[in-house]
Amino acid sequence: MDNPERTEPPRVADEHATLTGFLQRQRDTLAMACAGLTAEQLREKAVQPSGLSLLGLVRHMADVERTWFRNVLNGEHSDVHWPRSDGGAFAVDTADPSEAFAIWHEECARSRDIVDAAQSPDVTAQYRDDIFSLRYILTHMIEEYARHNGHADLLRKRIDKLAEH
């Protein structure tokens with residue numbers, strides 16, 4: 001995590017390559033926000049009164065990847081990685097960053113495999129009473145990462161500022 005590179009999305013490509021390129025760039029952005037920090041810094045809730053931490057965001061995004069790609073699109077019935085009670089993915093006071101990053105990277109790899117196996121962005125899946133296209137899921141995931149990357153940016157800037165003192 002010390003020197004992550006951000007993927008440059010293709011500037012001229014089909015819909016699949018464009019959407020997956022932008023999604024990967026968002027994943028890389030989260031990794032960059034976490035790069036070079038200690039376990040304590042990753043767990044730090046640096047922007048009070050918010051209880052968000054960088055590690056909590058990584059754990060949350062691992063579960064979001066799992067939910068949308070494995071459960072919704074692929075029809076799996078995989079369980080959450082962290083119990084929903086007591087803060088779930090965001091309860092990081094004793095969380096292991098190595099475990100969280102390993103799970104997140106594994107979920108991202110599974111997501112890429114599921115997306116690559118889909119025949120088109122028009123592929124749909126039913127989840128409960130709703131139907132979702134792959135196009136919708138990819139767009140939603142870009143939005144989800146982008147929103148949380150804004151949080152991650154604020155957290156990282158605060159952590160870096162605190163480390164100066």
# chains A, B, ... in the order shown; residues from 1 in each chain; ligands from 1
>>> residues_around(residues="range 132-149 of chain A", least_positions_apart="2", cutoff="7 Å", atoms="only C-alpha atoms", output="VMD selection string")
chain A and resid 19 22 to 23 26 to 27 29 to 30 68 121 to 126 130 151 to 153
>>> write_last_selection(atoms="N, CA, C and O atoms", output="mmCIF file, in the first residue's frame")
data_model
loop_
_atom_site.group_PDB
_atom_site.id
_atom_site.type_symbol
_atom_site.label_atom_id
_atom_site.label_comp_id
_atom_site.auth_asym_id
_atom_site.auth_seq_id
_atom_site.Cartn_x
_atom_site.Cartn_y
_atom_site.Cartn_z
ATOM 1 N N LEU A 19 -16.668 1.883 -18.232
ATOM 2 C CA LEU A 19 -17.218 1.771 -16.874
ATOM 3 C C LEU A 19 -16.267 1.038 -15.938
ATOM 4 O O LEU A 19 -16.050 1.475 -14.802
ATOM 5 N N PHE A 22 -13.276 3.309 -15.061
ATOM 6 C CA PHE A 22 -13.577 4.327 -14.050
ATOM 7 C C PHE A 22 -13.778 3.697 -12.666
ATOM 8 O O PHE A 22 -13.367 4.280 -11.664
ATOM 9 N N LEU A 23 -14.379 2.515 -12.611
ATOM 10 C CA LEU A 23 -14.538 1.848 -11.318
ATOM 11 C C LEU A 23 -13.175 1.499 -10.734
ATOM 12 O O LEU A 23 -12.925 1.736 -9.544
ATOM 13 N N GLN A 26 -11.528 4.462 -9.193
ATOM 14 C CA GLN A 26 -12.083 4.785 -7.882
ATOM 15 C C GLN A 26 -11.521 3.859 -6.803
ATOM 16 O O GLN A 26 -11.215 4.299 -5.689
ATOM 17 N N ARG A 27 -11.384 2.570 -7.131
ATOM 18 C CA ARG A 27 -10.765 1.640 -6.176
ATOM 19 C C ARG A 27 -9.338 2.073 -5.873
ATOM 20 O O ARG A 27 -8.908 2.083 -4.706
ATOM 21 N N THR A 29 -8.120 5.014 -6.040
ATOM 22 C CA THR A 29 -8.151 6.257 -5.270
ATOM 23 C C THR A 29 -8.290 5.964 -3.777
ATOM 24 O O THR A 29 -7.616 6.592 -2.955
ATOM 25 N N LEU A 30 -9.134 5.006 -3.423
ATOM 26 C CA LEU A 30 -9.262 4.628 -2.018
ATOM 27 C C LEU A 30 -7.952 4.042 -1.499
ATOM 28 O O LEU A 30 -7.512 4.373 -0.392
ATOM 29 N N TRP A 68 -23.091 -6.228 -4.167
ATOM 30 C CA TRP A 68 -23.566 -5.904 -5.505
ATOM 31 C C TRP A 68 -23.132 -6.908 -6.568
ATOM 32 O O TRP A 68 -23.925 -7.271 -7.440
ATOM 33 N N PRO A 121 -23.344 -5.039 -20.755
ATOM 34 C CA PRO A 121 -23.863 -4.204 -19.669
ATOM 35 C C PRO A 121 -25.379 -4.344 -19.500
ATOM 36 O O PRO A 121 -25.934 -3.925 -18.496
ATOM 37 N N ASP A 122 -26.022 -4.944 -20.502
ATOM 38 C CA ASP A 122 -27.471 -5.139 -20.447
ATOM 39 C C ASP A 122 -27.876 -6.371 -19.641
ATOM 40 O O ASP A 122 -29.070 -6.571 -19.392
ATOM 41 N N VAL A 123 -26.921 -7.188 -19.225
ATOM 42 C CA VAL A 123 -27.220 -8.365 -18.406
ATOM 43 C C VAL A 123 -27.967 -7.896 -17.165
ATOM 44 O O VAL A 123 -27.600 -6.877 -16.566
ATOM 45 N N THR A 124 -29.006 -8.613 -16.793
ATOM 46 C CA THR A 124 -29.774 -8.233 -15.609
ATOM 47 C C THR A 124 -29.810 -9.371 -14.604
ATOM 48 O O THR A 124 -29.582 -10.530 -14.945
ATOM 49 N N ALA A 125 -30.100 -8.982 -13.393
ATOM 50 C CA ALA A 125 -30.266 -9.949 -12.310
ATOM 51 C C ALA A 125 -31.375 -9.459 -11.406
ATOM 52 O O ALA A 125 -31.527 -8.251 -11.192
ATOM 53 N N GLN A 126 -32.139 -10.405 -10.901
ATOM 54 C CA GLN A 126 -33.184 -10.054 -9.946
ATOM 55 C C GLN A 126 -32.644 -10.262 -8.544
ATOM 56 O O GLN A 126 -32.020 -11.277 -8.242
ATOM 57 N N ASP A 130 -36.462 -6.495 -7.042
ATOM 58 C CA ASP A 130 -35.938 -5.541 -8.019
ATOM 59 C C ASP A 130 -35.086 -6.236 -9.074
ATOM 60 O O ASP A 130 -34.479 -7.278 -8.823
ATOM 61 N N HIS A 151 -14.933 11.320 1.424
ATOM 62 C CA HIS A 151 -14.718 11.152 2.866
ATOM 63 C C HIS A 151 -13.259 10.780 3.138
ATOM 64 O O HIS A 151 -12.627 11.322 4.058
ATOM 65 N N ALA A 152 -12.738 9.854 2.336
ATOM 66 C CA ALA A 152 -11.362 9.380 2.532
ATOM 67 C C ALA A 152 -10.361 10.520 2.371
ATOM 68 O O ALA A 152 -9.383 10.610 3.123
ATOM 69 N N ASP A 153 -10.604 11.399 1.420
ATOM 70 C CA ASP A 153 -9.718 12.536 1.199
ATOM 71 C C ASP A 153 -9.679 13.438 2.431
ATOM 72 O O ASP A 153 -8.601 13.847 2.877
#
>>> select_by_dssp(residues="chain A", states="strand (DSSP E or B)", output="list of chain:residue names")
A:Thr124, A:Ala125, A:Gln126, A:Tyr127, A:Asp130, A:Ile131, A:Phe132, A:Ser133
>>> closest_residue(among="A:Val64, A:Val12, A:Ala102, A:Ala117", to="Asp79 in chain A", atoms="only C-alpha atoms")
A:Val64
>>> select_by_dssp(residues="range 30-165 of chain A", states="alpha helix (DSSP H)", output="PyMOL selection string")
chain A and resi 30-34+39-43+54-65+97-117+134-164
>>> residues_around(residues="Ala91 in chain A", least_positions_apart="3", cutoff="12 Å", atoms="only C-alpha atoms", output="PyMOL selection string")
chain A and resi 43-45+51-60+82-88+94-96+100
>>> residues_around(residues="Phe69 in chain A", least_positions_apart="6", cutoff="9 Å", atoms="only C-alpha atoms", output="ChimeraX atom specification")
/A:75-76,107,110-112,114-115,134,137
>>> closest_residue(among="A:His165, A:Arg6, A:Arg11, A:His81", to="Trp104 in chain A", atoms="only C-alpha atoms")
A:His81
>>> atom_distance(atom1="CA of Ala163 in chain A", atom2="CA of Glu5 in chain A")
23.4 Å
